[in-house]
Structure formats: structure tokens, C-alpha cells
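**Q** Structure provided below as C-alpha cells; questions to follow.
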Amino acid sequence: MGRKACHRFVLCFGSCIYTCESAQDGEQLGEEAGMLYGEYLMLDKVLGAQRMLGVENKNPVHDEHLFIITHQAYELWFKQIIFELDSVRNLFSDVLKEHQTLEILKRLNRIVLILKVLVDQVMILETMTPLDFMEFRNYLRPASGFQSLQFRMVENKLGVRQENRVKYNQNYAKVFGNDEEAIQKIESSEKEASLADVVQKWLERTPGLEHEGFNFWGKYKKAVEVLFNEQKVIAAQEKTESLRQYRLNDLSKRREVYESIFKKDIHDALVARGERRFSHKALQGAIMITFYRDEPRFSQPHQILTLLMDIDSLITKWRYNHLLMVQRMIGSSQFGTGGSSGYQYLRSTLSDRYKVFVDLFNLSTFLIPRSYIPPLTPTMKSHLWMWGTTDNGIEENNKEC
Ligand code: HEM
């Protein structure tokens, strides 16, 4: 029997054999046509889950419906993000095959697109006025987004670390009090390797970092030295004394900044202070991929790094949009329903300490002009052109480079 258009909600996602039009009026569609749309999506549960406290308290407030739907939509998307994040972490934590990077790219890109929707969704809730919100806000107490288990899991799975959270936020696990399942989920999301952890391990394996091989780091250090020496000569030729001094001072400050990546102990101290996250080796891998991103085997890894930054950027944008909405709804000196200082607390979470891939953002500090980037040796060049069959992603032993 051929397929015809379904005018009724029979689940027909490309696979139904019986058509709606072939069914007689009053016939049991469910049995013949397979599962029904609403049944498959369990819409009775999803669409029956909007409990309006205003109505229950005999004070219906029109906008409470939007408030509930918005939060539920967020939670559904958080669920999808967690689903994708878990799969991406798994792909990374195995020895990564080169063909898997395409799948990683696809899923990271999906997370990015969902986050864009989440950032924009704030605007819809902003159509509610503070006066409307006030009408039902008291019914919600002590419920608060602070208690969103999935939001915390997203943060933890990405790699937000306990010690980097602002003080009030370090106690977030307490809000799950007697909920054993929630506590267990939170604890494992804190213990498991985060996306940031697995990405670091992957970057540490970047081909070309080997000391006895291409020795990228050694070559890069030399290139920076050459650049600074040339700039010193130019600065010293400056005719005006004050300008000459300014240039030379500027140069020595910039040298100091580079020292912070060349001297491992300085880098490690910055990691200990929470100002950097990546291991020294992972940082080297990220810089190398950034420089040679035009080489075929580095182009997908470079796209991955870009998407990771997009994720961090979009979560920060969400935090900011949410903060503005909170200020608009309750001002900056009211406590939140979850008991925090409200606006002030949320503002403190906008700090770099919540950016998991902050090192990728700061890479730009260490870029050098293209003409100074160490040229690839012929072996390294051909290595970055060849697609191995059994490589672990971009890793391959290239000791003869
Ligand atoms: C009228 C709208 C909203 C207001 C006034 C509001 C207010 C607040 C306040 C004051 C906090 C700080 C914690 C506390 O309650 O003491 C907070 C946290 C939070 N809210 Fe909202 N919120 C609103 C909408 C939303 C929406 C739509 C979401 C989407 C899921 C959301 C998710 C969160 C999350 C995840 C946190 C924890 C943030 C963190 O600890 O970093 N909020 N909210």
C-alpha cells in the first residue's frame, strides 16, 4: 500500500505502512498504524506537567504559564546537552580515531546551536513584566533555578571545578538535601573526567610536540626570541628618548608574559591559582594546532577548539542575559527565592573562573606573526597531510621528523 499524507496525528516518521486515509472512520488507528504521535512522545505527561500555583491559590496569573513553560523548555534542552556531552566525552576518552573527530564536531556544533537557542529564549520570558512576576513569585518559594540539577551537571561535565566557584556556589550540592538520586548524580558528575579533562589529554598527544621529533616548543621559543630581538633593535633606534623607553618597557613586559608559558613552574603556579586550567603540554598542543590549522590534519582539531570556546562564550552570554532579566524582575538588592544575594551572587558567576576553556581564549596573547611561525620540516608536513588508518586522532609517532 502506498504512502499518503497523514492528516491525523499518527506517528508516521517515515516508516508507517498503513496510511490514515486507508483507515475507516472510527477504526482503531493505534493498533493498525503503529504508535500514535502523542503516545510516542508521552505528551500526556509533558503537556500535563504545568501546575499553575496561581490557579491553585485562586489567584490565576496569566504569565505564570509562560514562566513554567520556559523553565521546562530549558530543562529539556539541558537534558539534550548532557546527552551530547556524555557521548563526546566518551569519544574523546577512548583513543580517538581520526574519523571520529567529524562526529565530535557534529555533536559539539549541536550543543553550540542549542545554547544559542537558550541564550535567546531569555527574551521570551522578558515579555513578562516585574509586576506580573510579583503576582505569583511568593508561591514559588523556596524554589529557584539554583536547584537545577541538570544545570549543575552541565557545568560539572564541562569542567567547572568546585574550587573555582564563588563561595555561595560551592554549597550548591546542599540544595539536593535528601534526594539520594540527585546527590549521586552530582557526585559522579564531579568525579568523572570532564570534557575539559579529556580535551587536555587529547591536546597533550598533538603530533609534533615530541622533543626528539619536530620539537615544536623548542622551535617556537626560538622564534619568539628572534622576534623580540628584532623588535628590541627597532625600539632602540627610536629617536625620542621617552618613546624609546616606552617601547623598551613594553617589550620587557611582553617578554614577561611569554615567560609565563615558557617557564613551567610559572605556568603551574597560575594553574594552582585558577588563572589557567590546561596542563603545560596541553597548552603547547593548543598553540601548535592554532599555528598550523591550515594543514589538513589540524583543521578539524582547530574547529574543535573553536567550538569549545563557543560553548564557554554562550554559557557566559546566558549567565549575562539571565542576570539582566533578574535585575529587571527583582532589582539588584533583593534576595533570590533560593536564598542567595540574587543579582550580586549571579554577577559574581560571570567571572573567568567559570570559563572552562579560558586558556583557549587567552591563546591570542601568545600568537606571533605568520612569518615567524617555525616552518614545518618536509616529514612533518607530509605527516600532517596524510590521513592514517589506525591513528589515534591527530596522534602519531613521528620521531624521525
Ligand atoms: C523571572 C525570571 C527569573 C528570575 C527572577 C530568576 C532569578 C534567579 C535568582 C535570584 C537566582 C540566584 C539563586 C537564588 O534564587 O537565590 C537564580 C539562579 C538561577 N536561575 Fe534563575 N531566574 C529566572 C529565570 C530563570 C530561567 C528561565 C532559568 C532557566 C533554567 C533559570 C535558571 C537559573 C539557574 C540555572 C540558576 C543558578 C545559576 C548559578 O548558580 O550559577 N532562571 N535565578
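Each chain in the C-alpha cells gets a letter, A, B, ..., in the order shown, and its residues are numbered from 1; ligands are numbered from 1 in order too.
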Would you pick out the contacts of Arg276 (chain A) at 9 Å or less, using only C-alpha atoms, so that residues sharing its chain but fewer than 6 positions from it are not included, and give the list as a list in words?

**A**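 The filter keeps His267, Asp268, Ala269, Leu270, Phe357, Val358 and Asp359 of chain A.
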
**Q** Just N, CA, C and O atoms for this one: save the residues we selected as a tab-separated table (two decimals), in the first residue's frame.

**A**
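Below you can see again04.tsv, which holds the result:
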```
chain	number	residue	atom	x	y	z
A	267	HIS	N	53.85	28.68	34.93
A	267	HIS	CA	52.58	28.19	34.40
A	267	HIS	C	51.84	27.38	35.47
A	267	HIS	O	50.65	27.60	35.71
A	268	ASP	N	52.56	26.47	36.13
A	268	ASP	CA	51.91	25.63	37.14
A	268	ASP	C	51.36	26.46	38.29
A	268	ASP	O	50.29	26.14	38.84
A	269	ALA	N	52.08	27.52	38.64
A	269	ALA	CA	51.59	28.38	39.73
A	269	ALA	C	50.29	29.07	39.31
A	269	ALA	O	49.36	29.21	40.12
A	270	LEU	N	50.22	29.46	38.05
A	270	LEU	CA	48.98	30.10	37.56
A	270	LEU	C	47.82	29.10	37.55
A	270	LEU	O	46.68	29.45	37.85
A	357	PHE	N	37.32	26.77	29.29
A	357	PHE	CA	38.36	26.79	28.26
A	357	PHE	C	39.01	28.16	28.16
A	357	PHE	O	39.36	28.62	27.07
A	358	VAL	N	39.18	28.76	29.32
A	358	VAL	CA	39.73	30.13	29.36
A	358	VAL	C	41.10	30.19	28.66
A	358	VAL	O	41.44	31.19	28.02
A	359	ASP	N	41.88	29.10	28.74
A	359	ASP	CA	43.20	29.10	28.11
A	359	ASP	C	43.13	29.26	26.60
A	359	ASP	O	44.01	29.84	25.99
```

**Q** Need to verify the contact set: Phe83 (chain A), 10 Å, only C-alpha atoms, exclusion of same-chain residues closer than 5 positions in sequence. Can you return it as a list of chain:residue names?

**A**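 So the residues in contact are A:Trp77, A:Phe78, A:Val88, A:Arg107, A:Ile111, A:Val154.
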
**Q** Neighbouring residues of Glu64 (chain A) were defined as those with any atom within 8 Å, considering only C-alpha atoms; residues of the same chain fewer than 5 positions away were excluded. Please report them as a list in words.

**A**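 Final neighbour list, sorted by chain and number: Met52, Gly54, Phe133 and Phe136 of chain A.
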
**Q** Store the residues picked out above in a file with N, CA and C atoms, as a PDB file, in the first residue's frame.

**A**
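Wrote it out as out.pdb, contents follow:
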```
ATOM      1  N   MET A  52      -0.197  25.348  37.686  1.00  0.00           N
ATOM      2  CA  MET A  52      -0.180  26.794  37.938  1.00  0.00           C
ATOM      3  C   MET A  52      -0.568  27.052  39.403  1.00  0.00           C
ATOM      4  N   GLY A  54      -0.834  29.835  40.881  1.00  0.00           N
ATOM      5  CA  GLY A  54      -1.793  30.948  40.965  1.00  0.00           C
ATOM      6  C   GLY A  54      -3.224  30.414  40.928  1.00  0.00           C
ATOM      7  N   PHE A 133       5.205  39.197  37.545  1.00  0.00           N
ATOM      8  CA  PHE A 133       6.003  38.199  38.253  1.00  0.00           C
ATOM      9  C   PHE A 133       5.723  38.246  39.754  1.00  0.00           C
ATOM     10  N   PHE A 136       2.887  36.141  41.359  1.00  0.00           N
ATOM     11  CA  PHE A 136       2.966  34.721  41.744  1.00  0.00           C
ATOM     12  C   PHE A 136       4.305  34.315  42.355  1.00  0.00           C
TER      13      PHE A 136
END
```

**Q** Considering only C-alpha atoms and all ligand atoms, give me a table of residues in chain A that are at most 7 Å from ligand 1, with the closest atom pair and distance in Å for each, as JSON lines.

**A**
```
{"residue": "A:Phe67", "atom": "CA", "partner": "ligand 1", "partner_atom_place_in_ligand_line": "27 (C)", "distance": 7.0}
{"residue": "A:Thr70", "atom": "CA", "partner": "ligand 1", "partner_atom_place_in_ligand_line": "27 (C)", "distance": 5.6}
{"residue": "A:His71", "atom": "CA", "partner": "ligand 1", "partner_atom_place_in_ligand_line": "27 (C)", "distance": 4.8}
{"residue": "A:Tyr74", "atom": "CA", "partner": "ligand 1", "partner_atom_place_in_ligand_line": "30 (C)", "distance": 5.0}
{"residue": "A:Glu75", "atom": "CA", "partner": "ligand 1", "partner_atom_place_in_ligand_line": "30 (C)", "distance": 6.3}
{"residue": "A:Val122", "atom": "CA", "partner": "ligand 1", "partner_atom_place_in_ligand_line": "27 (C)", "distance": 6.4}
{"residue": "A:Leu125", "atom": "CA", "partner": "ligand 1", "partner_atom_place_in_ligand_line": "2 (C)", "distance": 6.8}
{"residue": "A:Phe133", "atom": "CA", "partner": "ligand 1", "partner_atom_place_in_ligand_line": "1 (C)", "distance": 6.5}
{"residue": "A:Ser144", "atom": "CA", "partner": "ligand 1", "partner_atom_place_in_ligand_line": "15 (O)", "distance": 4.5}
{"residue": "A:Gly145", "atom": "CA", "partner": "ligand 1", "partner_atom_place_in_ligand_line": "33 (C)", "distance": 3.5}
{"residue": "A:Phe146", "atom": "CA", "partner": "ligand 1", "partner_atom_place_in_ligand_line": "37 (C)", "distance": 3.7}
{"residue": "A:Gln147", "atom": "CA", "partner": "ligand 1", "partner_atom_place_in_ligand_line": "37 (C)", "distance": 7.0}
{"residue": "A:Ser148", "atom": "CA", "partner": "ligand 1", "partner_atom_place_in_ligand_line": "35 (C)", "distance": 5.5}
{"residue": "A:Phe151", "atom": "CA", "partner": "ligand 1", "partner_atom_place_in_ligand_line": "35 (C)", "distance": 5.3}
{"residue": "A:Asn169", "atom": "CA", "partner": "ligand 1", "partner_atom_place_in_ligand_line": "40 (O)", "distance": 6.0}
{"residue": "A:His322", "atom": "CA", "partner": "ligand 1", "partner_atom_place_in_ligand_line": "42 (N)", "distance": 6.5}
{"residue": "A:Met325", "atom": "CA", "partner": "ligand 1", "partner_atom_place_in_ligand_line": "2 (C)", "distance": 6.4}
{"residue": "A:Val326", "atom": "CA", "partner": "ligand 1", "partner_atom_place_in_ligand_line": "5 (C)", "distance": 4.3}
{"residue": "A:Met329", "atom": "CA", "partner": "ligand 1", "partner_atom_place_in_ligand_line": "5 (C)", "distance": 5.3}
{"residue": "A:Ile330", "atom": "CA", "partner": "ligand 1", "partner_atom_place_in_ligand_line": "5 (C)", "distance": 5.9}
{"residue": "A:Phe335", "atom": "CA", "partner": "ligand 1", "partner_atom_place_in_ligand_line": "16 (O)", "distance": 6.1}
{"residue": "A:Gly336", "atom": "CA", "partner": "ligand 1", "partner_atom_place_in_ligand_line": "16 (O)", "distance": 3.3}
{"residue": "A:Thr337", "atom": "CA", "partner": "ligand 1", "partner_atom_place_in_ligand_line": "15 (O)", "distance": 4.3}
{"residue": "A:Gly338", "atom": "CA", "partner": "ligand 1", "partner_atom_place_in_ligand_line": "15 (O)", "distance": 3.4}
{"residue": "A:Gly339", "atom": "CA", "partner": "ligand 1", "partner_atom_place_in_ligand_line": "16 (O)", "distance": 4.3}
{"residue": "A:Ser340", "atom": "CA", "partner": "ligand 1", "partner_atom_place_in_ligand_line": "16 (O)", "distance": 3.6}
{"residue": "A:Ser341", "atom": "CA", "partner": "ligand 1", "partner_atom_place_in_ligand_line": "16 (O)", "distance": 6.1}
{"residue": "A:Gly342", "atom": "CA", "partner": "ligand 1", "partner_atom_place_in_ligand_line": "10 (C)", "distance": 3.8}
{"residue": "A:Tyr343", "atom": "CA", "partner": "ligand 1", "partner_atom_place_in_ligand_line": "10 (C)", "distance": 6.0}
{"residue": "A:Tyr345", "atom": "CA", "partner": "ligand 1", "partner_atom_place_in_ligand_line": "12 (C)", "distance": 6.6}
{"residue": "A:Leu346", "atom": "CA", "partner": "ligand 1", "partner_atom_place_in_ligand_line": "12 (C)", "distance": 6.0}
{"residue": "A:Thr349", "atom": "CA", "partner": "ligand 1", "partner_atom_place_in_ligand_line": "41 (O)", "distance": 5.9}
```

**Q** Do you know which residues are at most 12 Å from Gly48 (chain A) counting only C-alpha atoms, after dropping those on the same chain fewer than 5 positions away, and could you put them as number ranges by chain?

**A** A: 38, 42-43, 68-69, 72

**Q** Residues within 8 Å of Val356 (chain A), please, as JSON, numbers by chain. Count only C-alpha atoms; anything in the same chain fewer than 5 positions from it doesn't count.

**A** {"A": [158, 159, 160, 196, 277, 312]}

**Q** Suppose we keep all heavy atoms; can you now write the selection as a PDB file, in the first residue's frame?

**A**
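Heads up, here's the output in again_38.pdb:
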```pdb
ATOM      1  N   LEU A 158      31.218  19.817  31.918  1.00  0.00           N
ATOM      2  CA  LEU A 158      32.110  20.636  31.091  1.00  0.00           C
ATOM      3  C   LEU A 158      33.463  20.788  31.782  1.00  0.00           C
ATOM      4  O   LEU A 158      34.499  20.798  31.127  1.00  0.00           O
ATOM      5  CB  LEU A 158      31.506  22.022  30.858  1.00  0.00           C
ATOM      6  CG  LEU A 158      30.393  22.115  29.822  1.00  0.00           C
ATOM      7  CD1 LEU A 158      29.760  23.497  29.845  1.00  0.00           C
ATOM      8  CD2 LEU A 158      30.929  21.831  28.418  1.00  0.00           C
ATOM      9  N   GLY A 159      33.436  20.929  33.107  1.00  0.00           N
ATOM     10  CA  GLY A 159      34.707  21.026  33.836  1.00  0.00           C
ATOM     11  C   GLY A 159      34.797  22.208  34.788  1.00  0.00           C
ATOM     12  O   GLY A 159      35.908  22.582  35.176  1.00  0.00           O
ATOM     13  N   VAL A 160      33.652  22.801  35.175  1.00  0.00           N
ATOM     14  CA  VAL A 160      33.709  23.861  36.205  1.00  0.00           C
ATOM     15  C   VAL A 160      34.140  23.170  37.495  1.00  0.00           C
ATOM     16  O   VAL A 160      33.537  22.176  37.908  1.00  0.00           O
ATOM     17  CB  VAL A 160      32.329  24.537  36.409  1.00  0.00           C
ATOM     18  CG1 VAL A 160      32.367  25.499  37.590  1.00  0.00           C
ATOM     19  CG2 VAL A 160      31.894  25.260  35.145  1.00  0.00           C
ATOM     20  N   ALA A 196      36.716  19.108  29.762  1.00  0.00           N
ATOM     21  CA  ALA A 196      37.998  19.814  29.816  1.00  0.00           C
ATOM     22  C   ALA A 196      39.140  18.826  30.068  1.00  0.00           C
ATOM     23  O   ALA A 196      40.216  18.937  29.466  1.00  0.00           O
ATOM     24  CB  ALA A 196      37.973  20.875  30.913  1.00  0.00           C
ATOM     25  N   ARG A 277      43.991  26.685  33.239  1.00  0.00           N
ATOM     26  CA  ARG A 277      43.432  25.358  33.513  1.00  0.00           C
ATOM     27  C   ARG A 277      44.250  24.254  32.866  1.00  0.00           C
ATOM     28  O   ARG A 277      44.437  23.190  33.420  1.00  0.00           O
ATOM     29  CB  ARG A 277      42.009  25.228  32.964  1.00  0.00           C
ATOM     30  CG  ARG A 277      41.041  26.265  33.381  1.00  0.00           C
ATOM     31  CD  ARG A 277      40.674  26.140  34.854  1.00  0.00           C
ATOM     32  NE  ARG A 277      40.449  27.475  35.381  1.00  0.00           N
ATOM     33  CZ  ARG A 277      39.385  28.201  35.134  1.00  0.00           C
ATOM     34  NH1 ARG A 277      38.406  27.674  34.440  1.00  0.00           N
ATOM     35  NH2 ARG A 277      39.284  29.418  35.595  1.00  0.00           N
ATOM     36  N   ASP A 312      31.835  27.943  25.860  1.00  0.00           N
ATOM     37  CA  ASP A 312      32.119  28.809  27.007  1.00  0.00           C
ATOM     38  C   ASP A 312      31.498  30.196  26.833  1.00  0.00           C
ATOM     39  O   ASP A 312      30.896  30.743  27.751  1.00  0.00           O
ATOM     40  CB  ASP A 312      33.639  28.979  27.144  1.00  0.00           C
ATOM     41  CG  ASP A 312      34.175  28.303  28.397  1.00  0.00           C
ATOM     42  OD1 ASP A 312      33.367  27.882  29.238  1.00  0.00           O
ATOM     43  OD2 ASP A 312      35.403  28.197  28.513  1.00  0.00           O
TER      44      ASP A 312
END
```

**Q** Among the residues of region 92-174 of chain A, find those DSSP assigns to helix (DSSP H, G or I) from the backbone and print them as a ChimeraX atom specification.

**A** /A:92-93,100-125,130-140,145-147,149-158,162-164,167-170,172-174

**Q** Applying 9 Å and only C-alpha atoms, which residues near region 256-260 of chain A remain after dropping the ones on its own chain fewer than 4 positions away? List them as JSON, numbers by chain.

**A** {"A": [224, 251, 252, 264, 265, 266, 267, 270, 365, 366]}

**Q** Considering only C-alpha atoms, return as a tab-separated table (two decimals) with N, CA, C and O atoms, in the first residue's frame whatever protein or nucleic-acid residues lie within 9 Å of Leu305 (chain A), sequence-local ones (same chain, fewer than 4 positions apart) excluded.

**A**
```tsv
chain	number	residue	atom	x	y	z
A	286	ALA	N	47.64	23.13	22.00
A	286	ALA	CA	46.63	24.08	21.51
A	286	ALA	C	47.30	25.18	20.67
A	286	ALA	O	46.78	25.58	19.62
A	289	ILE	N	48.31	23.65	17.25
A	289	ILE	CA	47.15	23.47	16.35
A	289	ILE	C	46.71	24.83	15.79
A	289	ILE	O	46.36	24.96	14.61
A	290	THR	N	46.77	25.85	16.63
A	290	THR	CA	46.35	27.19	16.18
A	290	THR	C	47.27	27.70	15.07
A	290	THR	O	46.81	28.28	14.08
A	300	GLN	N	40.41	20.02	11.48
A	300	GLN	CA	39.29	19.61	12.34
A	300	GLN	C	39.60	19.86	13.82
A	300	GLN	O	38.75	20.39	14.55
A	301	PRO	N	40.81	19.50	14.28
A	301	PRO	CA	41.13	19.84	15.67
A	301	PRO	C	40.98	21.34	15.95
A	301	PRO	O	40.49	21.74	17.01
A	309	MET	N	35.40	27.01	22.60
A	309	MET	CA	35.31	28.42	23.03
A	309	MET	C	33.89	28.94	22.87
A	309	MET	O	33.40	29.69	23.70
A	310	ASP	N	33.23	28.53	21.78
A	310	ASP	CA	31.84	28.97	21.56
A	310	ASP	C	30.96	28.52	22.73
A	310	ASP	O	30.09	29.27	23.19
A	357	PHE	N	37.32	26.77	29.29
A	357	PHE	CA	38.36	26.79	28.26
A	357	PHE	C	39.01	28.16	28.16
A	357	PHE	O	39.36	28.62	27.07
A	360	LEU	N	42.05	28.73	26.02
A	360	LEU	CA	41.91	28.86	24.56
A	360	LEU	C	41.67	30.32	24.19
A	360	LEU	O	42.16	30.81	23.19
```

**Q** What is the distance between CA of Asn90 (chain A) and CA of Arg165 (chain A), in Å to one decimal?

**A**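 Computing it gives 25.5 Å between the two atoms.
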
**Q** Name the closest residue to Gln162 (chain A) among the candidates A:Glu56, A:Tyr354, A:Pro207, A:Gln334; distances are taken between atoms, counting only C-alpha atoms.

**A**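 Looking at the shortest contact to Gln162 (chain A), the residue is A:Tyr354.
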